[in-house]
Structures are given as C-alpha cells and as structure tokens.
file query.cif (mmCIF, C-alpha atoms; chains and numbers go by the auth columns)
data_start
#
loop_
_atom_site.group_PDB
_atom_site.id
_atom_site.type_symbol
_atom_site.label_atom_id
_atom_site.label_comp_id
_atom_site.label_asym_id
_atom_site.label_seq_id
_atom_site.Cartn_x
_atom_site.Cartn_y
_atom_site.Cartn_z
_atom_site.B_iso_or_equiv
_atom_site.auth_seq_id
_atom_site.auth_asym_id
ATOM 1 C CA MET A 1 -6.030 -134.842 -114.727 0.00 1 A
ATOM 2 C CA ILE A 2 -2.460 -133.591 -114.718 0.00 2 A
ATOM 3 C CA ARG A 3 0.282 -136.186 -114.972 0.00 3 A
ATOM 4 C CA ALA A 4 3.654 -135.874 -113.383 0.00 4 A
ATOM 5 C CA PRO A 5 6.604 -135.507 -115.750 0.00 5 A
ATOM 6 C CA ASP A 6 9.048 -138.310 -116.414 0.00 6 A
ATOM 7 C CA ALA A 7 11.093 -139.272 -113.394 0.00 7 A
ATOM 8 C CA THR A 8 14.206 -137.989 -115.104 0.00 8 A
ATOM 9 C CA GLY A 9 12.603 -134.749 -116.248 0.00 9 A
ATOM 10 C CA PRO A 10 13.914 -131.486 -114.830 0.00 10 A
ATOM 11 C CA GLY A 11 10.486 -130.452 -113.537 0.00 11 A
ATOM 12 C CA ALA A 12 9.699 -133.631 -111.590 0.00 12 A
ATOM 13 C CA THR A 13 10.984 -132.540 -108.187 0.00 13 A
ATOM 14 C CA ARG A 14 9.465 -129.076 -108.418 0.00 14 A
ATOM 15 C CA VAL A 15 6.026 -130.355 -109.450 0.00 15 A
ATOM 16 C CA LEU A 16 5.787 -132.982 -106.705 0.00 16 A
ATOM 17 C CA ALA A 17 7.056 -130.559 -104.093 0.00 17 A
ATOM 18 C CA ALA A 18 4.514 -127.984 -105.173 0.00 18 A
ATOM 19 C CA ALA A 19 1.784 -130.602 -104.948 0.00 19 A
ATOM 20 C CA CYS A 20 2.800 -131.497 -101.405 0.00 20 A
ATOM 21 C CA ARG A 21 2.753 -127.836 -100.350 0.00 21 A
ATOM 22 C CA ARG A 22 -0.816 -127.481 -101.605 0.00 22 A
ATOM 23 C CA GLY A 23 -1.968 -130.090 -99.120 0.00 23 A
ATOM 24 C CA PRO A 24 -3.781 -133.428 -99.273 0.00 24 A
ATOM 25 C CA THR A 25 -6.884 -132.005 -100.936 0.00 25 A
ATOM 26 C CA ARG A 26 -4.889 -131.286 -104.089 0.00 26 A
ATOM 27 C CA LEU A 27 -2.707 -134.367 -104.267 0.00 27 A
ATOM 28 C CA TRP A 28 -5.237 -136.199 -106.402 0.00 28 A
ATOM 29 C CA ARG A 29 -4.304 -133.924 -109.320 0.00 29 A
ATOM 30 C CA VAL A 30 -0.844 -135.459 -109.645 0.00 30 A
ATOM 31 C CA THR A 31 -0.474 -139.049 -110.813 0.00 31 A
ATOM 32 C CA VAL A 32 2.536 -141.081 -111.734 0.00 32 A
ATOM 33 C CA SER A 33 2.924 -141.900 -115.434 0.00 33 A
ATOM 34 C CA ALA A 34 2.218 -145.439 -116.533 0.00 34 A
ATOM 35 C CA ALA A 35 5.045 -147.907 -116.853 0.00 35 A
ATOM 36 C CA PRO A 36 7.005 -147.395 -120.070 0.00 36 A
ATOM 37 C CA GLN A 37 5.922 -149.483 -123.032 0.00 37 A
ATOM 38 C CA PRO A 38 8.331 -152.140 -124.270 0.00 38 A
ATOM 39 C CA GLU A 39 10.679 -151.164 -127.080 0.00 39 A
ATOM 40 C CA ARG A 40 9.375 -153.221 -130.001 0.00 40 A
ATOM 41 C CA VAL A 41 9.771 -152.373 -133.658 0.00 41 A
ATOM 42 C CA VAL A 42 9.011 -155.417 -135.814 0.00 42 A
ATOM 43 C CA THR A 43 5.422 -156.279 -134.894 0.00 43 A
ATOM 44 C CA ILE A 44 2.236 -156.956 -136.826 0.00 44 A
ATOM 45 C CA PRO A 45 0.493 -153.749 -135.572 0.00 45 A
ATOM 46 C CA ASN A 46 3.527 -151.644 -136.535 0.00 46 A
ATOM 47 C CA ALA A 47 3.536 -153.236 -139.998 0.00 47 A
ATOM 48 C CA LEU A 48 -0.118 -152.240 -140.427 0.00 48 A
ATOM 49 C CA SER A 49 0.700 -148.682 -139.324 0.00 49 A
ATOM 50 C CA VAL A 50 3.524 -148.477 -141.873 0.00 50 A
ATOM 51 C CA LEU A 51 1.102 -149.773 -144.518 0.00 51 A
ATOM 52 C CA ARG A 52 -1.225 -146.912 -143.637 0.00 52 A
ATOM 53 C CA LEU A 53 1.626 -144.431 -144.083 0.00 53 A
ATOM 54 C CA PHE A 54 2.425 -145.801 -147.546 0.00 54 A
ATOM 55 C CA GLY A 55 -1.210 -145.274 -148.450 0.00 55 A
ATOM 56 C CA VAL A 56 -1.001 -141.491 -147.936 0.00 56 A
ATOM 57 C CA PRO A 57 0.906 -140.611 -151.154 0.00 57 A
ATOM 58 C CA LEU A 58 -1.126 -143.191 -153.085 0.00 58 A
ATOM 59 C CA PHE A 59 -4.354 -141.587 -151.890 0.00 59 A
ATOM 60 C CA LEU A 60 -3.149 -138.094 -152.818 0.00 60 A
ATOM 61 C CA TRP A 61 -2.035 -139.223 -156.274 0.00 61 A
ATOM 62 C CA LEU A 62 -5.371 -140.916 -156.954 0.00 62 A
ATOM 63 C CA LEU A 63 -7.212 -137.789 -155.838 0.00 63 A
ATOM 64 C CA LEU A 64 -5.175 -135.205 -157.773 0.00 64 A
ATOM 65 C CA GLY A 65 -3.688 -137.189 -160.669 0.00 65 A
ATOM 66 C CA PRO A 66 -6.139 -139.427 -162.507 0.00 66 A
ATOM 67 C CA HIS A 67 -9.079 -138.282 -160.283 0.00 67 A
ATOM 68 C CA ARG A 68 -9.865 -141.883 -159.390 0.00 68 A
ATOM 69 C CA ASP A 69 -12.149 -140.947 -156.520 0.00 69 A
ATOM 70 C CA GLY A 70 -13.483 -144.469 -156.062 0.00 70 A
ATOM 71 C CA TRP A 71 -10.001 -145.894 -155.559 0.00 71 A
ATOM 72 C CA ALA A 72 -9.077 -142.961 -153.306 0.00 72 A
ATOM 73 C CA ILE A 73 -12.090 -143.727 -151.114 0.00 73 A
ATOM 74 C CA ALA A 74 -11.054 -147.387 -151.078 0.00 74 A
ATOM 75 C CA VAL A 75 -7.604 -146.394 -149.806 0.00 75 A
ATOM 76 C CA ILE A 76 -9.225 -144.433 -146.962 0.00 76 A
ATOM 77 C CA GLY A 77 -11.421 -147.434 -146.198 0.00 77 A
ATOM 78 C CA VAL A 78 -8.419 -149.760 -146.001 0.00 78 A
ATOM 79 C CA SER A 79 -6.644 -147.206 -143.832 0.00 79 A
ATOM 80 C CA GLY A 80 -9.601 -147.088 -141.447 0.00 80 A
ATOM 81 C CA PHE A 81 -9.684 -150.878 -141.224 0.00 81 A
ATOM 82 C CA THR A 82 -5.946 -151.142 -140.508 0.00 82 A
ATOM 83 C CA ASP A 83 -6.277 -148.355 -137.928 0.00 83 A
ATOM 84 C CA TRP A 84 -8.838 -150.461 -136.082 0.00 84 A
ATOM 85 C CA ALA A 85 -6.980 -153.728 -136.648 0.00 85 A
ATOM 86 C CA ASP A 86 -3.576 -152.592 -135.380 0.00 86 A
ATOM 87 C CA GLY A 87 -5.062 -151.510 -132.044 0.00 87 A
ATOM 88 C CA VAL A 88 -6.958 -154.766 -131.616 0.00 88 A
ATOM 89 C CA LEU A 89 -3.956 -156.908 -132.575 0.00 89 A
ATOM 90 C CA ALA A 90 -1.600 -154.914 -130.354 0.00 90 A
ATOM 91 C CA ARG A 91 -3.761 -155.720 -127.331 0.00 91 A
ATOM 92 C CA LYS A 92 -4.564 -159.333 -128.232 0.00 92 A
ATOM 93 C CA LEU A 93 -0.972 -160.239 -129.188 0.00 93 A
ATOM 94 C CA ASN A 94 0.576 -158.118 -126.426 0.00 94 A
ATOM 95 C CA GLN A 95 2.577 -156.207 -129.029 0.00 95 A
ATOM 96 C CA MET A 96 2.097 -152.660 -127.768 0.00 96 A
ATOM 97 C CA SER A 97 5.107 -150.422 -128.335 0.00 97 A
ATOM 98 C CA LYS A 98 6.178 -146.797 -128.199 0.00 98 A
ATOM 99 C CA LEU A 99 6.722 -146.808 -131.954 0.00 99 A
ATOM 100 C CA GLY A 100 3.183 -148.040 -132.557 0.00 100 A
ATOM 101 C CA ALA A 101 1.742 -145.421 -130.208 0.00 101 A
ATOM 102 C CA GLN A 102 3.572 -142.726 -132.213 0.00 102 A
ATOM 103 C CA LEU A 103 2.865 -144.068 -135.705 0.00 103 A
ATOM 104 C CA ASP A 104 -0.902 -144.224 -135.235 0.00 104 A
ATOM 105 C CA PRO A 105 -1.575 -140.497 -134.652 0.00 105 A
ATOM 106 C CA VAL A 106 1.056 -139.559 -137.253 0.00 106 A
ATOM 107 C CA ALA A 107 -0.784 -141.609 -139.886 0.00 107 A
ATOM 108 C CA ASP A 108 -4.098 -140.003 -138.883 0.00 108 A
ATOM 109 C CA ARG A 109 -2.652 -136.493 -139.190 0.00 109 A
ATOM 110 C CA LEU A 110 -1.051 -137.244 -142.563 0.00 110 A
ATOM 111 C CA TYR A 111 -4.316 -138.599 -143.961 0.00 111 A
ATOM 112 C CA ILE A 112 -6.171 -135.547 -142.714 0.00 112 A
ATOM 113 C CA LEU A 113 -3.541 -133.207 -144.181 0.00 113 A
ATOM 114 C CA ALA A 114 -3.404 -135.041 -147.523 0.00 114 A
ATOM 115 C CA THR A 115 -7.196 -135.095 -147.788 0.00 115 A
ATOM 116 C CA LEU A 116 -7.487 -131.408 -146.965 0.00 116 A
ATOM 117 C CA VAL A 117 -4.921 -130.518 -149.625 0.00 117 A
ATOM 118 C CA GLY A 118 -6.711 -132.660 -152.189 0.00 118 A
ATOM 119 C CA LEU A 119 -10.195 -131.375 -151.355 0.00 119 A
ATOM 120 C CA VAL A 120 -9.073 -127.736 -151.457 0.00 120 A
ATOM 121 C CA LEU A 121 -7.344 -128.209 -154.825 0.00 121 A
ATOM 122 C CA ARG A 122 -10.430 -130.020 -156.136 0.00 122 A
ATOM 123 C CA HIS A 123 -12.601 -127.116 -154.843 0.00 123 A
ATOM 124 C CA VAL A 124 -14.644 -129.415 -152.607 0.00 124 A
ATOM 125 C CA ILE A 125 -14.066 -127.499 -149.354 0.00 125 A
ATOM 126 C CA PRO A 126 -13.161 -123.832 -148.746 0.00 126 A
ATOM 127 C CA LEU A 127 -9.564 -122.900 -147.996 0.00 127 A
ATOM 128 C CA TRP A 128 -10.420 -121.371 -144.602 0.00 128 A
ATOM 129 C CA LEU A 129 -11.683 -124.733 -143.332 0.00 129 A
ATOM 130 C CA ALA A 130 -8.392 -126.435 -144.178 0.00 130 A
ATOM 131 C CA VAL A 131 -6.423 -123.572 -142.601 0.00 131 A
ATOM 132 C CA LEU A 132 -8.468 -123.891 -139.399 0.00 132 A
ATOM 133 C CA ILE A 133 -7.826 -127.624 -139.074 0.00 133 A
ATOM 134 C CA VAL A 134 -4.139 -127.462 -140.018 0.00 134 A
ATOM 135 C CA GLY A 135 -3.596 -124.365 -137.862 0.00 135 A
ATOM 136 C CA ARG A 136 -4.841 -126.271 -134.834 0.00 136 A
ATOM 137 C CA ASP A 137 -2.185 -128.944 -135.395 0.00 137 A
ATOM 138 C CA VAL A 138 0.539 -126.316 -135.887 0.00 138 A
ATOM 139 C CA VAL A 139 -0.324 -124.658 -132.568 0.00 139 A
ATOM 140 C CA LEU A 140 -0.359 -127.997 -130.744 0.00 140 A
ATOM 141 C CA THR A 141 3.008 -128.920 -132.248 0.00 141 A
ATOM 142 C CA GLY A 142 4.437 -125.743 -130.739 0.00 142 A
ATOM 143 C CA SER A 143 2.976 -126.643 -127.340 0.00 143 A
ATOM 144 C CA LEU A 144 4.654 -130.077 -127.508 0.00 144 A
ATOM 145 C CA VAL A 145 8.017 -128.385 -128.021 0.00 145 A
ATOM 146 C CA VAL A 146 7.417 -126.331 -124.873 0.00 146 A
ATOM 147 C CA LEU A 147 6.404 -129.424 -122.895 0.00 147 A
ATOM 148 C CA ARG A 148 9.591 -131.192 -123.970 0.00 148 A
ATOM 149 C CA ARG A 149 11.638 -128.339 -122.521 0.00 149 A
ATOM 150 C CA TYR A 150 10.097 -129.043 -119.121 0.00 150 A
ATOM 151 C CA GLY A 151 10.646 -132.789 -119.358 0.00 151 A
ATOM 152 C CA TYR A 152 7.070 -133.783 -120.197 0.00 152 A
ATOM 153 C CA ALA A 153 5.979 -136.357 -122.738 0.00 153 A
ATOM 154 C CA PRO A 154 3.058 -135.505 -125.050 0.00 154 A
ATOM 155 C CA PRO A 155 -0.288 -135.702 -123.208 0.00 155 A
ATOM 156 C CA ALA A 156 -2.431 -138.790 -123.677 0.00 156 A
ATOM 157 C CA VAL A 157 -4.874 -138.696 -126.578 0.00 157 A
ATOM 158 C CA HIS A 158 -8.190 -137.251 -125.383 0.00 158 A
ATOM 159 C CA TYR A 159 -11.488 -138.888 -126.320 0.00 159 A
ATOM 160 C CA LEU A 160 -12.532 -135.610 -127.968 0.00 160 A
ATOM 161 C CA GLY A 161 -9.554 -135.881 -130.290 0.00 161 A
ATOM 162 C CA LYS A 162 -10.433 -139.473 -131.159 0.00 162 A
ATOM 163 C CA ALA A 163 -14.051 -138.525 -131.876 0.00 163 A
ATOM 164 C CA ALA A 164 -12.951 -135.567 -134.015 0.00 164 A
ATOM 165 C CA THR A 165 -10.585 -137.707 -136.090 0.00 165 A
ATOM 166 C CA PHE A 166 -13.324 -140.317 -136.519 0.00 166 A
ATOM 167 C CA CYS A 167 -15.780 -137.696 -137.797 0.00 167 A
ATOM 168 C CA LEU A 168 -13.295 -136.097 -140.191 0.00 168 A
ATOM 169 C CA LEU A 169 -12.135 -139.396 -141.681 0.00 169 A
ATOM 170 C CA TYR A 170 -15.787 -140.263 -142.335 0.00 170 A
ATOM 171 C CA ALA A 171 -16.561 -136.801 -143.697 0.00 171 A
ATOM 172 C CA PHE A 172 -13.847 -136.709 -146.370 0.00 172 A
ATOM 173 C CA PRO A 173 -14.927 -139.711 -148.485 0.00 173 A
ATOM 174 C CA LEU A 174 -18.563 -138.643 -148.151 0.00 174 A
ATOM 175 C CA LEU A 175 -17.607 -135.183 -149.458 0.00 175 A
ATOM 176 C CA LEU A 176 -16.106 -136.825 -152.523 0.00 176 A
ATOM 177 C CA ILE A 177 -19.204 -138.951 -153.088 0.00 177 A
ATOM 178 C CA GLY A 178 -21.399 -135.866 -152.654 0.00 178 A
ATOM 179 C CA ARG A 179 -19.754 -134.175 -155.662 0.00 179 A
ATOM 180 C CA TYR A 180 -21.512 -136.571 -158.017 0.00 180 A
ATOM 181 C CA HIS A 181 -25.158 -136.842 -159.033 0.00 181 A
ATOM 182 C CA GLY A 182 -27.734 -139.439 -158.111 0.00 182 A
ATOM 183 C CA PRO A 183 -29.557 -140.725 -155.033 0.00 183 A
ATOM 184 C CA VAL A 184 -26.377 -141.948 -153.317 0.00 184 A
ATOM 185 C CA ALA A 185 -24.725 -138.539 -153.703 0.00 185 A
ATOM 186 C CA ASP A 186 -27.889 -136.797 -152.494 0.00 186 A
ATOM 187 C CA VAL A 187 -27.790 -138.843 -149.275 0.00 187 A
ATOM 188 C CA ALA A 188 -24.032 -138.523 -148.843 0.00 188 A
ATOM 189 C CA ARG A 189 -23.912 -134.726 -149.249 0.00 189 A
ATOM 190 C CA PRO A 190 -25.746 -133.640 -146.047 0.00 190 A
ATOM 191 C CA MET A 191 -24.104 -136.448 -144.070 0.00 191 A
ATOM 192 C CA ALA A 192 -20.696 -135.287 -145.301 0.00 192 A
ATOM 193 C CA TRP A 193 -21.168 -131.725 -144.145 0.00 193 A
ATOM 194 C CA ALA A 194 -22.663 -132.856 -140.843 0.00 194 A
ATOM 195 C CA PHE A 195 -19.570 -134.966 -140.152 0.00 195 A
ATOM 196 C CA THR A 196 -17.369 -132.080 -141.328 0.00 196 A
ATOM 197 C CA ILE A 197 -18.989 -129.571 -138.967 0.00 197 A
ATOM 198 C CA TRP A 198 -19.003 -131.980 -136.016 0.00 198 A
ATOM 199 C CA GLY A 199 -15.469 -133.145 -136.705 0.00 199 A
ATOM 200 C CA THR A 200 -14.027 -129.648 -137.097 0.00 200 A
ATOM 201 C CA SER A 201 -15.768 -128.397 -133.951 0.00 201 A
ATOM 202 C CA LEU A 202 -14.539 -131.347 -131.897 0.00 202 A
ATOM 203 C CA TYR A 203 -11.059 -131.012 -133.424 0.00 203 A
ATOM 204 C CA VAL A 204 -10.765 -127.398 -132.303 0.00 204 A
ATOM 205 C CA TRP A 205 -12.321 -128.198 -128.908 0.00 205 A
ATOM 206 C CA ALA A 206 -9.867 -131.049 -128.354 0.00 206 A
ATOM 207 C CA GLY A 207 -7.032 -128.677 -129.271 0.00 207 A
ATOM 208 C CA LEU A 208 -8.159 -126.235 -126.594 0.00 208 A
ATOM 209 C CA VAL A 209 -8.266 -129.090 -124.054 0.00 209 A
ATOM 210 C CA TYR A 210 -4.705 -130.103 -124.938 0.00 210 A
ATOM 211 C CA LEU A 211 -3.516 -126.496 -124.668 0.00 211 A
ATOM 212 C CA ARG A 212 -5.168 -126.155 -121.254 0.00 212 A
ATOM 213 C CA GLN A 213 -3.443 -129.342 -120.071 0.00 213 A
ATOM 214 C CA ALA A 214 -0.093 -128.124 -121.397 0.00 214 A
ATOM 215 C CA ALA A 215 -0.481 -124.725 -119.742 0.00 215 A
ATOM 216 C CA GLY A 216 -1.280 -126.393 -116.405 0.00 216 A
ATOM 217 C CA LEU A 217 1.808 -128.593 -116.612 0.00 217 A
ATOM 218 C CA VAL A 218 4.061 -125.651 -117.435 0.00 218 A
ATOM 219 C CA ARG A 219 2.627 -123.557 -114.596 0.00 219 A
ATOM 220 C CA ALA A 220 3.139 -126.422 -112.144 0.00 220 A
ATOM 221 C CA ALA A 221 6.724 -126.929 -113.302 0.00 221 A
ATOM 222 C CA THR A 222 7.633 -123.247 -112.902 0.00 222 A
ATOM 223 C CA ARG A 223 6.271 -122.842 -109.372 0.00 223 A
#
call {"tool": "encode", "arguments": {"input": "query.cif", "output": "structure tokens"}}
result
Amino acid sequence: MIRAPDATGPGATRVLAAACRRGPTRLWRVTVSAAPQPERVVTIPNALSVLRLFGVPLFLWLLLGPHRDGWAIAVIGVSGFTDWADGVLARKLNQMSKLGAQLDPVADRLYILATLVGLVLRHVIPLWLAVLIVGRDVVLTGSLVVLRRYGYAPPAVHYLGKAATFCLLYAFPLLLIGRYHGPVADVARPMAWAFTIWGTSLYVWAGLVYLRQAAGLVRAATR
C-alpha cells in the first residue's frame, strides 16, 4: 500500500490530486500517515537501544582481536534480547518515540555489518556474500535520499525485512559455532547455512519490495 507523503511535503498536493483524478476505484491506494510519534529521548527502550549500539564495537573486537568467539556470541545474544525487550517495554510503558524507531534498525544494520566484516576476515563466509548483503543496504540508502527530496519519510519496515534480519542474526553465531569440531558444531553447521541462505534471499527480496514502493511514490509525486 502506498502512503501519502507528509502533509508539509512538496508532493502531497500532487499525489492526492492524482489519486482523485484516477477515480474512486483507486483511492484505496492512498492512505494518510499515522499520527506522529511523541518526541521522547530519555526512555527505558531508548536506553536499551543505545546499549545495543555500544555492543557493536565490543562484538567486533572480541571477534577479531582475542578471537573470543564465545563472548562474541554472548554479545549477540544480549543484543537480541534487548532488541525484543525494548519493543515490548515501549508498548507496555507507552514510551514509543521517533528516536527509538530510528535506533532499532540502525543497531540491526550495524550488527549485520560488523558481523559480516568479522566473518569475512576470519574466512568464515565468502566475500561475495558480504558484498551482496551490504550492497542491498547501499542501494536502499540511495532510494531514501530520493524519497526525502519528494517529501516522503522512509517506508515502514516490511515483514520480509524483519524475517530476513531475524534469520541473519541467528545465522551468524551459528556460523561461528560451526567452525569448531564436535557434535554441537556438526548440528550448528547446516543450520547456520540454512539460516544464511534464507536470510540473504529474504534480505534481497525485501530490498526489491522497498525499491518498488519507493518507485511508486516517486512516480505518483511526479504526475
């Protein structure tokens, strides 16, 4: 579904007018954006998100410095728990905020980037796989710049993107465990690559969905 731009955006009038010209059968494609989230900074969910961000350099150091893979996996585990907890607490305590909505995906992307760098340097995954995943984010970042020019906010996170991030953040620690020997590593290894393949496929698919949404918004704004 295509959302209308912000009320103050330069494309708002053109998009709504174009929708009206297309008749009542097409009006369902344009919806008004949700009410803006309150401007809150100092909240418990935001503190958890900041804690996740501080864990990124620690994770990378553990992975590349002393090669403390167990502690690195523990950092990812804590990050996953805080990722779940900040969303739950934000809803239960009514502490949703724009900052929190922005910090959460940023932390996810930084963990993915840091893990990819570490796994490539440790020769756990091939370079082309990291380039594919990072390249997807680079292309989407460019599309966000274009959307901003037309007065649009970033599109809402798609369930495909959430599923892809979930798979990748499960795949990375399993890939580390799979480098070792023993029954646990033997079980973790095929699971790790299954999550990697599923996660990468969904990640690219979600990127194509976002690009399609962005292209539709730009076309509507230029009509």
call {"tool": "resolve_selection", "arguments": {"input": "query.cif", "expression": "the PyMOL selection byres ((chain A and resi 78-89) around 12)", "output": "PyMOL selection string"}}
result
chain A and resi 43-56+58-59+71-77+90-97+100-101+103-108+110-112+162+165-170+173
call {"tool": "atom_distance", "arguments": {"input": "query.cif", "atom1": "atom CA of A:Leu132", "atom2": "atom CA of A:Ile177"}}
result
23.0 Å
call {"tool": "axis_aligned_box", "arguments": {"input": "query.cif", "around": "stretch 185-200 of chain A", "padding_each_side": "4 Å", "output": "lines of an AutoDock Vina configuration file"}}
result
center_x = -21.0
center_y = -134.2
center_z = -144.9
size_x = 21.9
size_y = 17.3
size_z = 25.7
call {"tool": "residues_around", "arguments": {"input": "query.cif", "residues": "A:Val218", "least_positions_apart": "4", "cutoff": "8 Å", "atoms": "only C-alpha atoms", "output": "CSV table (one decimal) with C-alpha atoms, in the coordinates of the input"}}
result
chain,number,residue,atom,x,y,z
A,147,LEU,CA,6.4,-129.4,-122.9
A,150,TYR,CA,10.1,-129.0,-119.1
A,214,ALA,CA,-0.1,-128.1,-121.4
A,222,THR,CA,7.6,-123.2,-112.9
call {"tool": "residues_around", "arguments": {"input": "query.cif", "residues": "A:Pro190", "least_positions_apart": "4", "cutoff": "12 Å", "atoms": "all atoms listed in the file", "output": "list of chain:residue names"}}
result
A:Ala171, A:Leu174, A:Leu175, A:Ile177, A:Gly178, A:Arg179, A:Val184, A:Ala185, A:Asp186, A:Ala194, A:Phe195, A:Thr196, A:Ile197
call {"tool": "atom_distance", "arguments": {"input": "query.cif", "atom1": "atom CA of A:Arg109", "atom2": "atom CA of A:Ala220"}}
result
29.4 Å
call {"tool": "resolve_selection", "arguments": {"input": "query.cif", "expression": "the PyMOL selection byres ((chain A and resi 211) around 12)", "output": "PyMOL selection string"}}
result
chain A and resi 136-144+146-147+154-155+158+204-210+212-218
call {"tool": "write_last_selection", "arguments": {"input": "query.cif", "atoms": "C-alpha atoms", "output": "PDB file, in the frame of the given file"}}
result
ATOM      1  CA  ARG A 136      -4.841-126.271-134.834  1.00  0.00           C
ATOM      2  CA  ASP A 137      -2.185-128.944-135.395  1.00  0.00           C
ATOM      3  CA  VAL A 138       0.539-126.316-135.887  1.00  0.00           C
ATOM      4  CA  VAL A 139      -0.324-124.658-132.568  1.00  0.00           C
ATOM      5  CA  LEU A 140      -0.359-127.997-130.744  1.00  0.00           C
ATOM      6  CA  THR A 141       3.008-128.920-132.248  1.00  0.00           C
ATOM      7  CA  GLY A 142       4.437-125.743-130.739  1.00  0.00           C
ATOM      8  CA  SER A 143       2.976-126.643-127.340  1.00  0.00           C
ATOM      9  CA  LEU A 144       4.654-130.077-127.508  1.00  0.00           C
ATOM     10  CA  VAL A 146       7.417-126.331-124.873  1.00  0.00           C
ATOM     11  CA  LEU A 147       6.404-129.424-122.895  1.00  0.00           C
ATOM     12  CA  PRO A 154       3.058-135.505-125.050  1.00  0.00           C
ATOM     13  CA  PRO A 155      -0.288-135.702-123.208  1.00  0.00           C
ATOM     14  CA  HIS A 158      -8.190-137.251-125.383  1.00  0.00           C
ATOM     15  CA  VAL A 204     -10.765-127.398-132.303  1.00  0.00           C
ATOM     16  CA  TRP A 205     -12.321-128.198-128.908  1.00  0.00           C
ATOM     17  CA  ALA A 206      -9.867-131.049-128.354  1.00  0.00           C
ATOM     18  CA  GLY A 207      -7.032-128.677-129.271  1.00  0.00           C
ATOM     19  CA  LEU A 208      -8.159-126.235-126.594  1.00  0.00           C
ATOM     20  CA  VAL A 209      -8.266-129.090-124.054  1.00  0.00           C
ATOM     21  CA  TYR A 210      -4.705-130.103-124.938  1.00  0.00           C
ATOM     22  CA  ARG A 212      -5.168-126.155-121.254  1.00  0.00           C
ATOM     23  CA  GLN A 213      -3.443-129.342-120.071  1.00  0.00           C
ATOM     24  CA  ALA A 214      -0.093-128.124-121.397  1.00  0.00           C
ATOM     25  CA  ALA A 215      -0.481-124.725-119.742  1.00  0.00           C
ATOM     26  CA  GLY A 216      -1.280-126.393-116.405  1.00  0.00           C
ATOM     27  CA  LEU A 217       1.808-128.593-116.612  1.00  0.00           C
ATOM     28  CA  VAL A 218       4.061-125.651-117.435  1.00  0.00           C
TER      29      VAL A 218
END
call {"tool": "atom_distance", "arguments": {"input": "query.cif", "atom1": "atom CA of A:Leu113", "atom2": "atom CA of A:Arg149"}}
result
26.9 Å
call {"tool": "closest_residue", "arguments": {"input": "query.cif", "among": "A:Phe172, A:Tyr152, A:Tyr159, A:Trp193", "to": "A:Val120", "atoms": "only C-alpha atoms"}}
result
A:Phe172
call {"tool": "build_atoms", "arguments": {"input": "query.cif", "residues": "stretch 155-167 of chain A", "atoms": "N, CA and C atoms", "output": "PDB file, in the coordinates of the input"}}
result
ATOM      1  N   PRO A 155       0.863-135.234-123.998  1.00  0.00           N
ATOM      2  CA  PRO A 155      -0.288-135.702-123.208  1.00  0.00           C
ATOM      3  C   PRO A 155      -1.000-136.846-123.902  1.00  0.00           C
ATOM      4  N   ALA A 156      -1.682-137.661-123.113  1.00  0.00           N
ATOM      5  CA  ALA A 156      -2.431-138.790-123.677  1.00  0.00           C
ATOM      6  C   ALA A 156      -3.524-138.276-124.607  1.00  0.00           C
ATOM      7  N   VAL A 157      -3.840-139.080-125.622  1.00  0.00           N
ATOM      8  CA  VAL A 157      -4.874-138.696-126.578  1.00  0.00           C
ATOM      9  C   VAL A 157      -6.220-138.612-125.866  1.00  0.00           C
ATOM     10  N   HIS A 158      -6.907-137.483-126.028  1.00  0.00           N
ATOM     11  CA  HIS A 158      -8.190-137.251-125.383  1.00  0.00           C
ATOM     12  C   HIS A 158      -9.304-137.864-126.232  1.00  0.00           C
ATOM     13  N   TYR A 159     -10.390-138.276-125.570  1.00  0.00           N
ATOM     14  CA  TYR A 159     -11.488-138.888-126.320  1.00  0.00           C
ATOM     15  C   TYR A 159     -12.109-137.905-127.311  1.00  0.00           C
ATOM     16  N   LEU A 160     -12.035-136.604-127.022  1.00  0.00           N
ATOM     17  CA  LEU A 160     -12.532-135.610-127.968  1.00  0.00           C
ATOM     18  C   LEU A 160     -11.724-135.645-129.261  1.00  0.00           C
ATOM     19  N   GLY A 161     -10.403-135.801-129.116  1.00  0.00           N
ATOM     20  CA  GLY A 161      -9.554-135.881-130.290  1.00  0.00           C
ATOM     21  C   GLY A 161      -9.851-137.113-131.117  1.00  0.00           C
ATOM     22  N   LYS A 162     -10.095-138.243-130.441  1.00  0.00           N
ATOM     23  CA  LYS A 162     -10.433-139.473-131.159  1.00  0.00           C
ATOM     24  C   LYS A 162     -11.761-139.314-131.902  1.00  0.00           C
ATOM     25  N   ALA A 163     -12.746-138.719-131.240  1.00  0.00           N
ATOM     26  CA  ALA A 163     -14.051-138.525-131.876  1.00  0.00           C
ATOM     27  C   ALA A 163     -13.947-137.575-133.067  1.00  0.00           C
ATOM     28  N   ALA A 164     -13.127-136.527-132.928  1.00  0.00           N
ATOM     29  CA  ALA A 164     -12.951-135.567-134.015  1.00  0.00           C
ATOM     30  C   ALA A 164     -12.305-136.224-135.228  1.00  0.00           C
ATOM     31  N   THR A 165     -11.261-137.011-134.989  1.00  0.00           N
ATOM     32  CA  THR A 165     -10.585-137.707-136.090  1.00  0.00           C
ATOM     33  C   THR A 165     -11.541-138.681-136.771  1.00  0.00           C
ATOM     34  N   PHE A 166     -12.327-139.385-135.981  1.00  0.00           N
ATOM     35  CA  PHE A 166     -13.324-140.317-136.519  1.00  0.00           C
ATOM     36  C   PHE A 166     -14.289-139.586-137.449  1.00  0.00           C
ATOM     37  N   CYS A 167     -14.815-138.447-136.991  1.00  0.00           N
ATOM     38  CA  CYS A 167     -15.780-137.696-137.797  1.00  0.00           C
ATOM     39  C   CYS A 167     -15.149-137.190-139.096  1.00  0.00           C
TER      40      CYS A 167
END
